[in-house]
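Trainee: Pasting target-v7.csv below, which is CSV, C-alpha atoms.
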```csv
chain,number,residue,atom,x,y,z
K,380,MET,CA,0.0,0.0,0.0
K,381,PRO,CA,2.7,2.6,0.6
K,382,TYR,CA,2.8,5.5,-1.8
K,383,VAL,CA,5.9,7.6,-1.7
K,384,ASN,CA,6.3,10.9,-3.4
K,385,ILE,CA,9.9,12.2,-3.7
K,386,LYS,CA,10.0,15.9,-4.7
K,387,ILE,CA,13.4,17.1,-5.9
K,388,THR,CA,14.6,20.1,-7.8
K,389,ARG,CA,15.1,19.4,-11.6
K,390,GLU,CA,18.9,19.3,-11.8
K,391,GLY,CA,19.7,16.4,-14.1
K,392,ALA,CA,18.9,13.3,-12.1
K,393,THR,CA,19.6,10.3,-14.5
K,394,GLY,CA,17.4,7.3,-15.2
K,395,GLU,CA,19.8,5.1,-13.2
K,396,GLN,CA,19.7,7.4,-10.2
K,397,LYS,CA,15.9,7.4,-10.3
K,398,ALA,CA,15.9,3.6,-10.5
K,399,GLU,CA,18.2,3.5,-7.5
K,400,LEU,CA,15.9,5.8,-5.5
K,401,ILE,CA,12.9,3.6,-6.4
K,402,ALA,CA,14.7,0.4,-5.5
K,403,GLY,CA,16.1,1.9,-2.3
K,404,VAL,CA,12.9,3.3,-0.9
K,405,THR,CA,11.0,0.1,-1.7
K,406,ASP,CA,13.6,-2.1,0.0
K,407,LEU,CA,13.5,0.2,3.0
K,408,LEU,CA,9.7,-0.2,3.3
K,409,VAL,CA,10.0,-4.0,2.9
K,410,ARG,CA,12.7,-4.2,5.5
K,411,VAL,CA,11.3,-1.8,8.1
K,412,LEU,CA,7.5,-2.3,7.7
K,413,ASP,CA,7.3,-5.7,5.9
K,414,LYS,CA,5.4,-4.0,3.0
K,415,ASN,CA,4.6,-5.8,-0.2
K,416,PRO,CA,6.8,-4.4,-3.0
K,417,ALA,CA,4.1,-5.2,-5.6
K,418,THR,CA,1.8,-2.6,-4.1
K,419,THR,CA,4.5,-0.1,-3.1
K,420,HIS,CA,4.4,2.9,-5.5
K,421,VAL,CA,7.2,5.5,-5.6
K,422,VAL,CA,6.7,8.7,-7.7
K,423,ILE,CA,9.5,11.2,-8.3
K,424,GLY,CA,8.4,14.8,-9.0
K,425,GLU,CA,11.0,17.1,-10.5
K,426,VAL,CA,10.5,20.8,-9.8
K,427,ALA,CA,12.0,23.6,-11.8
K,428,LEU,CA,14.5,25.6,-9.7
K,429,GLU,CA,12.5,28.7,-10.3
K,430,ASN,CA,9.5,27.1,-8.6
K,431,TRP,CA,11.2,26.0,-5.3
K,432,GLY,CA,11.7,28.5,-2.5
K,433,VAL,CA,13.5,28.2,0.9
K,434,GLY,CA,14.4,30.9,3.3
K,435,GLY,CA,12.0,33.2,1.5
K,436,LEU,CA,14.1,33.1,-1.7
K,437,ARG,CA,14.1,31.0,-4.8
K,438,VAL,CA,16.7,28.2,-4.6
K,439,GLN,CA,19.3,29.9,-6.8
K,440,ALA,CA,19.1,33.1,-4.7
K,441,PHE,CA,19.2,31.1,-1.5
K,442,ARG,CA,22.2,29.1,-2.6
K,443,ALA,CA,24.0,32.3,-3.7
K,444,GLN,CA,23.2,33.9,-0.3
K,445,SER,CA,24.4,30.9,1.6
K,446,GLN,CA,27.7,30.9,-0.3
K,447,GLY,CA,28.0,34.8,-0.1
P,38,MET,CA,-14.8,21.8,-1.2
P,39,PRO,CA,-13.4,18.5,-2.5
P,40,TYR,CA,-10.0,18.6,-4.1
P,41,VAL,CA,-9.2,15.5,-6.1
P,42,ASN,CA,-5.7,14.8,-7.4
P,43,ILE,CA,-5.5,12.1,-10.1
P,44,LYS,CA,-1.9,11.0,-10.7
P,45,ILE,CA,-1.4,8.9,-13.9
P,46,THR,CA,1.6,7.9,-16.0
P,47,ARG,CA,2.1,10.1,-19.0
P,48,GLU,CA,0.9,7.8,-21.8
P,49,GLY,CA,-1.1,9.9,-24.1
P,50,ALA,CA,-4.4,10.6,-22.3
P,51,THR,CA,-6.4,12.8,-24.6
P,52,GLY,CA,-8.2,16.0,-23.8
P,53,GLU,CA,-11.5,14.2,-24.1
P,54,GLN,CA,-10.5,11.4,-21.7
P,55,LYS,CA,-9.3,14.1,-19.2
P,56,ALA,CA,-12.7,15.9,-19.6
P,57,GLU,CA,-14.4,12.5,-18.9
P,58,LEU,CA,-12.4,11.9,-15.8
P,59,ILE,CA,-13.1,15.4,-14.5
P,60,ALA,CA,-16.9,15.1,-15.2
P,61,GLY,CA,-17.0,11.5,-13.8
P,62,VAL,CA,-15.2,12.3,-10.5
P,63,THR,CA,-17.3,15.4,-10.0
P,64,ASP,CA,-20.6,13.6,-10.6
P,65,LEU,CA,-19.5,10.9,-8.2
P,66,LEU,CA,-18.9,13.4,-5.4
P,67,VAL,CA,-22.2,15.1,-6.1
P,68,ARG,CA,-24.1,11.8,-6.0
P,69,VAL,CA,-22.4,10.2,-3.1
P,70,LEU,CA,-21.6,13.1,-0.8
P,71,ASP,CA,-23.9,15.8,-2.2
P,72,LYS,CA,-21.0,18.1,-2.9
P,73,ASN,CA,-21.2,21.4,-4.8
P,74,PRO,CA,-19.7,21.0,-8.3
P,75,ALA,CA,-18.8,24.7,-8.4
P,76,THR,CA,-16.3,24.2,-5.5
P,77,THR,CA,-15.1,20.7,-6.5
P,78,HIS,CA,-11.6,20.8,-8.1
P,79,VAL,CA,-10.1,17.9,-10.0
P,80,VAL,CA,-6.4,18.1,-11.0
P,81,ILE,CA,-4.7,15.6,-13.2
P,82,GLY,CA,-1.0,15.0,-12.8
P,83,GLU,CA,0.8,13.2,-15.6
P,84,VAL,CA,4.1,11.5,-14.5
P,85,ALA,CA,6.9,10.5,-16.9
P,86,LEU,CA,7.2,6.6,-17.0
P,87,GLU,CA,10.8,7.0,-15.8
P,88,ASN,CA,9.6,8.7,-12.7
P,89,TRP,CA,7.1,6.1,-11.5
P,90,GLY,CA,8.2,3.0,-9.7
P,91,VAL,CA,6.3,-0.1,-8.4
P,92,GLY,CA,7.7,-3.4,-7.1
P,93,GLY,CA,11.1,-1.7,-6.7
P,94,LEU,CA,11.4,-1.1,-10.4
P,95,ARG,CA,10.6,1.6,-12.9
P,96,VAL,CA,7.2,1.0,-14.6
P,97,GLN,CA,8.7,-0.2,-17.9
P,98,ALA,CA,10.9,-2.7,-16.2
P,99,PHE,CA,8.0,-3.8,-13.9
P,100,ARG,CA,5.8,-4.3,-16.9
P,101,ALA,CA,8.5,-6.3,-18.8
P,102,GLN,CA,9.1,-8.4,-15.7
P,103,SER,CA,5.3,-9.1,-15.2
P,104,GLN,CA,5.0,-10.2,-18.9
P,105,GLY,CA,8.3,-12.2,-18.7
N,533,MET,CA,-0.6,2.8,-11.7
N,534,PRO,CA,-3.1,5.6,-10.9
N,535,TYR,CA,-3.0,7.2,-7.5
N,536,VAL,CA,-6.0,9.3,-6.6
N,537,ASN,CA,-6.1,11.5,-3.6
N,538,ILE,CA,-9.6,12.7,-2.6
N,539,LYS,CA,-9.5,15.5,-0.1
N,540,ILE,CA,-12.8,16.3,1.6
N,541,THR,CA,-13.8,18.2,4.7
N,542,ARG,CA,-14.4,15.9,7.7
N,543,GLU,CA,-18.2,16.0,7.9
N,544,GLY,CA,-19.2,12.4,8.7
N,545,ALA,CA,-18.7,10.5,5.4
N,546,THR,CA,-19.6,6.9,6.2
N,547,GLY,CA,-17.7,3.8,5.5
N,548,GLU,CA,-20.2,2.9,2.8
N,549,GLN,CA,-19.9,6.3,1.1
N,550,LYS,CA,-16.1,5.9,1.1
N,551,ALA,CA,-16.4,2.5,-0.4
N,552,GLU,CA,-18.6,3.9,-3.1
N,553,LEU,CA,-16.1,6.7,-3.9
N,554,ILE,CA,-13.3,4.1,-4.1
N,555,ALA,CA,-15.3,1.8,-6.4
N,556,GLY,CA,-16.6,4.7,-8.5
N,557,VAL,CA,-13.2,6.3,-9.1
N,558,THR,CA,-11.6,2.9,-9.9
N,559,ASP,CA,-14.4,2.0,-12.4
N,560,LEU,CA,-14.0,5.4,-14.0
N,561,LEU,CA,-10.2,4.9,-14.5
N,562,VAL,CA,-10.8,1.4,-15.9
N,563,ARG,CA,-13.5,2.5,-18.3
N,564,VAL,CA,-11.8,5.8,-19.5
N,565,LEU,CA,-8.1,4.9,-19.5
N,566,ASP,CA,-8.2,1.0,-19.3
N,567,LYS,CA,-6.2,1.1,-16.1
N,568,ASN,CA,-5.6,-2.1,-14.0
N,569,PRO,CA,-7.8,-2.0,-10.8
N,570,ALA,CA,-5.2,-4.0,-8.9
N,571,THR,CA,-2.6,-1.2,-9.2
N,572,THR,CA,-5.1,1.7,-8.8
N,573,HIS,CA,-4.9,3.3,-5.4
N,574,VAL,CA,-7.5,5.7,-4.0
N,575,VAL,CA,-6.8,7.5,-0.8
N,576,ILE,CA,-9.4,9.7,1.0
N,577,GLY,CA,-8.1,12.5,3.2
N,578,GLU,CA,-10.5,14.1,5.6
N,579,VAL,CA,-9.7,17.7,6.6
N,580,ALA,CA,-11.0,19.4,9.8
N,581,LEU,CA,-13.4,22.2,8.8
N,582,GLU,CA,-11.1,24.6,10.7
N,583,ASN,CA,-8.2,23.7,8.4
N,584,TRP,CA,-9.9,24.3,5.1
N,585,GLY,CA,-10.2,27.9,3.7
N,586,VAL,CA,-11.9,29.3,0.6
N,587,GLY,CA,-12.6,32.9,-0.3
N,588,GLY,CA,-10.0,33.9,2.3
N,589,LEU,CA,-12.2,32.5,5.1
N,590,ARG,CA,-12.4,29.2,6.9
N,591,VAL,CA,-15.2,27.0,5.5
N,592,GLN,CA,-17.8,27.7,8.3
N,593,ALA,CA,-17.3,31.5,7.9
N,594,PHE,CA,-17.4,31.2,4.1
N,595,ARG,CA,-20.7,29.2,4.2
N,596,ALA,CA,-22.2,31.7,6.7
N,597,GLN,CA,-21.2,34.6,4.4
N,598,SER,CA,-22.6,32.8,1.4
N,599,GLN,CA,-26.0,32.3,3.1
N,600,GLY,CA,-25.9,35.8,4.7
Y,21,MET,CA,9.5,22.9,9.1
Y,22,PRO,CA,6.6,24.2,7.0
Y,23,TYR,CA,6.2,22.8,3.5
Y,24,VAL,CA,3.8,24.8,1.3
Y,25,ASN,CA,2.6,23.5,-2.1
Y,26,ILE,CA,1.0,26.2,-4.3
Y,27,LYS,CA,-0.8,24.7,-7.2
Y,28,ILE,CA,-1.8,27.2,-10.0
Y,29,THR,CA,-2.9,26.8,-13.6
Y,30,ARG,CA,0.0,27.4,-16.0
Y,31,GLU,CA,-0.9,30.8,-17.3
Y,32,GLY,CA,2.4,32.7,-17.6
Y,33,ALA,CA,3.4,33.5,-14.0
Y,34,THR,CA,6.7,35.3,-14.2
Y,35,GLY,CA,9.9,34.5,-12.2
Y,36,GLU,CA,9.3,37.8,-10.3
Y,37,GLN,CA,5.7,36.8,-9.4
Y,38,LYS,CA,6.9,33.4,-8.2
Y,39,ALA,CA,9.6,35.1,-6.1
Y,40,GLU,CA,6.9,37.3,-4.6
Y,41,LEU,CA,4.7,34.3,-3.7
Y,42,ILE,CA,7.7,32.5,-2.1
Y,43,ALA,CA,8.7,35.6,0.0
Y,44,GLY,CA,5.1,36.4,0.9
Y,45,VAL,CA,4.2,32.9,2.1
Y,46,THR,CA,7.4,32.6,4.1
Y,47,ASP,CA,6.9,36.0,5.8
Y,48,LEU,CA,3.4,35.0,6.7
Y,49,LEU,CA,4.5,31.8,8.4
Y,50,VAL,CA,7.3,33.7,10.2
Y,51,ARG,CA,4.9,36.4,11.4
Y,52,VAL,CA,1.9,34.2,12.3
Y,53,LEU,CA,3.5,31.0,13.6
Y,54,ASP,CA,7.1,32.2,14.3
Y,55,LYS,CA,8.5,29.6,11.8
Y,56,ASN,CA,12.2,29.5,10.8
Y,57,PRO,CA,12.5,30.8,7.2
Y,58,ALA,CA,15.6,28.6,6.7
Y,59,THR,CA,13.5,25.4,7.1
Y,60,THR,CA,10.4,26.8,5.3
Y,61,HIS,CA,10.0,25.3,1.8
Y,62,VAL,CA,7.5,26.7,-0.8
Y,63,VAL,CA,7.0,24.7,-4.0
Y,64,ILE,CA,4.9,26.1,-6.9
Y,65,GLY,CA,3.3,23.5,-9.2
Y,66,GLU,CA,2.0,24.8,-12.5
Y,67,VAL,CA,-0.8,22.7,-14.0
Y,68,ALA,CA,-1.8,22.7,-17.7
Y,69,LEU,CA,-5.3,24.2,-18.2
Y,70,GLU,CA,-6.4,21.0,-19.8
Y,71,ASN,CA,-5.5,19.1,-16.6
Y,72,TRP,CA,-7.6,21.3,-14.1
Y,73,GLY,CA,-11.3,20.8,-13.7
Y,74,VAL,CA,-13.9,22.7,-11.7
Y,75,GLY,CA,-17.7,22.4,-11.8
Y,76,GLY,CA,-17.3,19.1,-13.7
Y,77,LEU,CA,-15.6,20.9,-16.7
Y,78,ARG,CA,-12.1,21.7,-17.7
Y,79,VAL,CA,-11.1,25.2,-16.7
Y,80,GLN,CA,-11.5,26.8,-20.2
Y,81,ALA,CA,-15.0,25.3,-20.6
Y,82,PHE,CA,-15.9,26.4,-17.0
Y,83,ARG,CA,-14.8,30.0,-17.7
Y,84,ALA,CA,-16.6,30.1,-21.0
Y,85,GLN,CA,-19.8,28.8,-19.2
Y,86,SER,CA,-19.4,31.3,-16.4
Y,87,GLN,CA,-19.1,34.2,-18.9
Y,88,GLY,CA,-21.9,32.7,-21.1
S,1093,MET,CA,-8.2,27.9,-9.2
S,1094,PRO,CA,-5.2,28.0,-6.8
S,1095,TYR,CA,-5.0,25.2,-4.3
S,1096,VAL,CA,-2.5,25.7,-1.5
S,1097,ASN,CA,-1.5,23.0,0.9
S,1098,ILE,CA,0.3,24.2,4.0
S,1099,LYS,CA,1.9,21.4,5.9
S,1100,ILE,CA,3.1,22.3,9.5
S,1101,THR,CA,4.0,20.3,12.5
S,1102,ARG,CA,1.1,19.9,15.0
S,1103,GLU,CA,2.3,22.3,17.7
S,1104,GLY,CA,-0.9,24.0,18.8
S,1105,ALA,CA,-1.7,26.4,16.0
S,1106,THR,CA,-4.9,28.2,17.1
S,1107,GLY,CA,-8.1,28.7,15.0
S,1108,GLU,CA,-7.3,32.4,14.7
S,1109,GLN,CA,-3.7,31.7,13.5
S,1110,LYS,CA,-5.2,29.3,10.9
S,1111,ALA,CA,-7.7,31.9,9.8
S,1112,GLU,CA,-4.8,34.4,9.5
S,1113,LEU,CA,-2.8,32.0,7.3
S,1114,ILE,CA,-5.8,31.4,5.0
S,1115,ALA,CA,-6.6,35.1,4.7
S,1116,GLY,CA,-2.9,36.0,4.1
S,1117,VAL,CA,-2.3,33.3,1.4
S,1118,THR,CA,-5.5,34.2,-0.4
S,1119,ASP,CA,-4.7,38.0,-0.3
S,1120,LEU,CA,-1.2,37.2,-1.7
S,1121,LEU,CA,-2.6,35.2,-4.6
S,1122,VAL,CA,-5.2,37.9,-5.4
S,1123,ARG,CA,-2.5,40.7,-5.2
S,1124,VAL,CA,0.3,38.9,-7.1
S,1125,LEU,CA,-1.6,36.8,-9.7
S,1126,ASP,CA,-5.0,38.4,-9.6
S,1127,LYS,CA,-6.7,35.2,-8.6
S,1128,ASN,CA,-10.4,34.9,-7.7
S,1129,PRO,CA,-10.7,34.4,-3.9
S,1130,ALA,CA,-13.9,32.4,-4.4
S,1131,THR,CA,-12.1,29.6,-6.2
S,1132,THR,CA,-8.9,29.8,-4.1
S,1133,HIS,CA,-8.6,26.9,-1.7
S,1134,VAL,CA,-6.1,26.7,1.2
S,1135,VAL,CA,-5.8,23.5,3.2
S,1136,ILE,CA,-3.7,23.2,6.4
S,1137,GLY,CA,-2.3,19.8,7.2
S,1138,GLU,CA,-1.0,19.3,10.7
S,1139,VAL,CA,1.7,16.6,11.1
S,1140,ALA,CA,2.6,14.8,14.4
S,1141,LEU,CA,6.1,15.7,15.4
S,1142,GLU,CA,7.0,12.0,15.4
S,1143,ASN,CA,6.1,11.9,11.7
S,1144,TRP,CA,8.3,14.7,10.4
S,1145,GLY,CA,12.0,14.2,9.8
S,1146,VAL,CA,14.8,16.6,8.8
S,1147,GLY,CA,18.5,16.1,8.7
S,1148,GLY,CA,17.8,12.3,8.9
S,1149,LEU,CA,16.3,12.7,12.4
S,1150,ARG,CA,12.8,13.2,13.7
S,1151,VAL,CA,12.1,16.8,14.5
S,1152,GLN,CA,12.5,16.6,18.3
S,1153,ALA,CA,15.9,14.9,17.9
S,1154,PHE,CA,16.9,17.4,15.2
S,1155,ARG,CA,16.0,20.3,17.4
S,1156,ALA,CA,17.9,18.8,20.4
S,1157,GLN,CA,20.9,18.2,18.2
S,1158,SER,CA,20.8,21.8,16.8
S,1159,GLN,CA,20.7,23.2,20.3
S,1160,GLY,CA,23.3,20.7,21.6
Z,562,MET,CA,15.7,20.6,-1.0
Z,563,PRO,CA,14.1,17.1,-1.3
Z,564,TYR,CA,10.7,16.7,0.3
Z,565,VAL,CA,9.6,13.1,0.6
Z,566,ASN,CA,6.0,12.2,1.6
Z,567,ILE,CA,5.6,8.6,2.7
Z,568,LYS,CA,1.9,7.6,2.8
Z,569,ILE,CA,1.2,4.3,4.7
Z,570,THR,CA,-1.9,2.7,6.1
Z,571,ARG,CA,-2.3,3.4,9.9
Z,572,GLU,CA,-1.3,-0.1,11.2
Z,573,GLY,CA,0.8,0.6,14.3
Z,574,ALA,CA,4.2,1.8,12.9
Z,575,THR,CA,6.3,2.5,16.0
Z,576,GLY,CA,8.4,5.6,16.6
Z,577,GLU,CA,11.5,3.6,16.0
Z,578,GLN,CA,10.3,2.4,12.7
Z,579,LYS,CA,9.4,5.9,11.6
Z,580,ALA,CA,12.9,7.1,12.7
Z,581,GLU,CA,14.4,4.3,10.6
Z,582,LEU,CA,12.3,5.3,7.6
Z,583,ILE,CA,13.4,9.0,8.0
Z,584,ALA,CA,17.1,8.1,8.4
Z,585,GLY,CA,17.0,5.5,5.5
Z,586,VAL,CA,15.3,7.8,3.0
Z,587,THR,CA,17.7,10.7,3.9
Z,588,ASP,CA,20.8,8.5,3.6
Z,589,LEU,CA,19.5,7.3,0.2
Z,590,LEU,CA,19.1,10.9,-1.1
Z,591,VAL,CA,22.5,11.8,0.2
Z,592,ARG,CA,24.2,8.8,-1.4
Z,593,VAL,CA,22.4,8.8,-4.7
Z,594,LEU,CA,21.9,12.5,-5.4
Z,595,ASP,CA,24.4,14.1,-3.0
Z,596,LYS,CA,21.6,16.1,-1.3
Z,597,ASN,CA,22.1,18.1,1.9
Z,598,PRO,CA,20.5,16.2,4.9
Z,599,ALA,CA,19.8,19.6,6.7
Z,600,THR,CA,17.4,20.6,3.9
Z,601,THR,CA,15.9,17.1,3.3
Z,602,HIS,CA,12.4,16.8,4.7
Z,603,VAL,CA,10.6,13.5,5.2
Z,604,VAL,CA,6.9,13.5,6.2
Z,605,ILE,CA,5.0,10.3,7.1
Z,606,GLY,CA,1.3,10.3,6.5
Z,607,GLU,CA,-0.7,7.5,8.2
Z,608,VAL,CA,-4.1,6.8,6.5
Z,609,ALA,CA,-7.0,5.0,8.2
Z,610,LEU,CA,-7.5,1.6,6.6
Z,611,GLU,CA,-11.1,2.7,5.8
Z,612,ASN,CA,-9.7,5.5,3.7
Z,613,TRP,CA,-7.4,3.6,1.5
Z,614,GLY,CA,-8.7,1.7,-1.6
Z,615,VAL,CA,-7.1,-0.6,-4.1
Z,616,GLY,CA,-8.6,-2.9,-6.7
Z,617,GLY,CA,-11.9,-0.9,-6.3
Z,618,LEU,CA,-12.2,-2.0,-2.7
Z,619,ARG,CA,-11.2,-0.7,0.7
Z,620,VAL,CA,-8.0,-2.3,1.9
Z,621,GLN,CA,-9.6,-4.8,4.4
Z,622,ALA,CA,-11.9,-6.1,1.7
Z,623,PHE,CA,-9.1,-6.2,-0.9
Z,624,ARG,CA,-7.0,-8.2,1.5
Z,625,ALA,CA,-9.8,-10.6,2.4
Z,626,GLN,CA,-10.5,-11.1,-1.4
Z,627,SER,CA,-6.8,-11.7,-2.1
Z,628,GLN,CA,-6.7,-14.4,0.6
Z,629,GLY,CA,-10.1,-15.8,-0.4
```
Rewrite the structure from the file as structure tokens, please.

Mentor:
Amino acid sequence: MPYVNIKITREGATGEQKAELIAGVTDLLVRVLDKNPATTHVVIGEVALENWGVGGLRVQAFRAQSQG
Amino acid sequence: MPYVNIKITREGATGEQKAELIAGVTDLLVRVLDKNPATTHVVIGEVALENWGVGGLRVQAFRAQSQG
Amino acid sequence: MPYVNIKITREGATGEQKAELIAGVTDLLVRVLDKNPATTHVVIGEVALENWGVGGLRVQAFRAQSQG
Amino acid sequence: MPYVNIKITREGATGEQKAELIAGVTDLLVRVLDKNPATTHVVIGEVALENWGVGGLRVQAFRAQSQG
Amino acid sequence: MPYVNIKITREGATGEQKAELIAGVTDLLVRVLDKNPATTHVVIGEVALENWGVGGLRVQAFRAQSQG
Amino acid sequence: MPYVNIKITREGATGEQKAELIAGVTDLLVRVLDKNPATTHVVIGEVALENWGVGGLRVQAFRAQSQG
């Protein structure tokens, strides 16, 4: 039954990395909560940098400020 | 008030099919819970196949394995 | 693969009504998009009236204003 | 800790408008609930008009009907 | 059309504070994107502290570590 | 930046199991995508069995049918 939604900024995650995230999260739910992999769904949402804010700023501005 | 989010894999759902889903879900909420259609929102999210995992695999791999 | 999240205000929806919503949404996705019921998940989220706002007001205040 | 997801129809919101939404929501959470901006995330999701329904119709049809 | 989901840890936010968040977010969307308040929905989700993790730890542990 | 929402049925997951999920998902995102743990949020949502449907049935009925 688990449904896992992973939201990340769109910064070039490869197909292999996504496959690794899907496998890793599913294994974790099987190991920790004994969930059935066949009914465990993992959905990755990639968000444009311009659409993600933290610290009141858009990500690029937040990162620039943090490295300032 | 209802807000319904329908997440499907991006596999060519047409405008007419989306309209049918929106109408069908809204009618269901009116019939079953007497909700007001004017404040019932239905949002369809289409997810790239590469970004949806089930059974620890990405959808294409899961389907191939199931048909194997 | 579909994952459907139905958010409604918590106003006493019965188990039978929830079962009807789950069956109805699943049938709709099977009929319109030929989806597999066994991998179609429907999750109902019930939200306290105090936590839902529309028109800049909490639901009870919005309804009172609309009937005013 | 707050995570705010703002779903809007994709109708040309500019980078500056998105920055204003991110700053405004973060300031609101700081002022009202004394939240830490550095751990307050705001994510904007833009939805194609074809994928958003209200009143049982897709947005364009609903707007046309409302202005009819 | 906007639908805004505000997820916060369940730490005693009052009805008045929730009303202030709902009004503030709606005003912001009206001012910045000229949205219609009557179709702007704001839903507040309160999450048990035990169910929210950051820095690989549950919130209480993360806060204790940050103040350590 | 990642925000991970893990939706599971409410079936007695312990505090330790939740801590293990939070740590495991965070470690995975650090290892696979080199994400910063301090800005990686993991939120666990527990859904009443009556509110989760699969195969057109509520979970208890689906499980009973599968074991039938």

Trainee: For chain N, which residues have at least one atom within 10 Å of chain P, if we go by all atoms listed in the file? Write them as a ChimeraX atom specification, please.

Mentor: /N:533-541,543-546,548-550,552-553,556-557,559-561,563-565,567,571-579,584-586,591

Trainee: Calculate how many Å separate CA of Phe441 in chain K from CA of Val50 in chain Y, rounding to one decimal.

Mentor: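 That distance, rounded to one decimal, is 16.9 Å.
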
Trainee: With 4 Å on each side, where is the centre of the axis-aligned box around all listed atoms of range 596-614 of chain Z, and how long are its edges in Å to one decimal, as JSON?

Mentor:
```
{"center_x": 5.5, "center_y": 11.1, "center_z": 3.3, "size_x": 41.2, "size_y": 27.0, "size_z": 17.8}
```

Trainee: Hey, can you check how far CA of Ala593 in chain N sits from CA of Gly1107 in chain S?

Mentor: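 CA of Ala593 in chain N sits 12.0 Å away from CA of Gly1107 in chain S.
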
Trainee: What separation in Å, quoted to one decimal, exists between CA of Gln87 in chain Y and CA of Ile1114 in chain S?

Mentor: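 About the pair CA of Gln87 in chain Y and CA of Ile1114 in chain S: they are 27.5 Å apart.
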
Trainee: Given the block above, output range 1114-1125 of chain S with N, CA and C atoms as a compact mmCIF listing (two decimals), in the first residue's frame.

Mentor:
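Full text of part24.txt as output:
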```txt
# COMPACT_ATOMS: atom_id res chain seq x y z
N ILE S 1114 -4.93 31.50 6.19
CA ILE S 1114 -5.84 31.36 5.05
C ILE S 1114 -6.08 32.72 4.38
N ALA S 1115 -6.35 33.73 5.21
CA ALA S 1115 -6.59 35.08 4.66
C ALA S 1115 -5.32 35.62 3.99
N GLY S 1116 -4.18 35.42 4.66
CA GLY S 1116 -2.92 35.97 4.13
C GLY S 1116 -2.52 35.36 2.80
N VAL S 1117 -2.63 34.02 2.70
CA VAL S 1117 -2.26 33.35 1.45
C VAL S 1117 -3.22 33.75 0.32
N THR S 1118 -4.50 33.85 0.66
CA THR S 1118 -5.49 34.23 -0.38
C THR S 1118 -5.23 35.65 -0.86
N ASP S 1119 -5.00 36.56 0.07
CA ASP S 1119 -4.71 37.96 -0.33
C ASP S 1119 -3.48 38.02 -1.23
N LEU S 1120 -2.48 37.23 -0.89
CA LEU S 1120 -1.23 37.22 -1.66
C LEU S 1120 -1.49 36.78 -3.11
N LEU S 1121 -2.30 35.74 -3.27
CA LEU S 1121 -2.60 35.22 -4.62
C LEU S 1121 -3.47 36.19 -5.41
N VAL S 1122 -4.34 36.90 -4.70
CA VAL S 1122 -5.17 37.94 -5.37
C VAL S 1122 -4.26 39.07 -5.83
N ARG S 1123 -3.38 39.52 -4.92
CA ARG S 1123 -2.52 40.67 -5.22
C ARG S 1123 -1.48 40.34 -6.31
N VAL S 1124 -0.83 39.19 -6.19
CA VAL S 1124 0.29 38.90 -7.10
C VAL S 1124 -0.19 38.33 -8.44
N LEU S 1125 -1.19 37.45 -8.41
CA LEU S 1125 -1.60 36.78 -9.66
C LEU S 1125 -3.04 37.10 -10.05
```
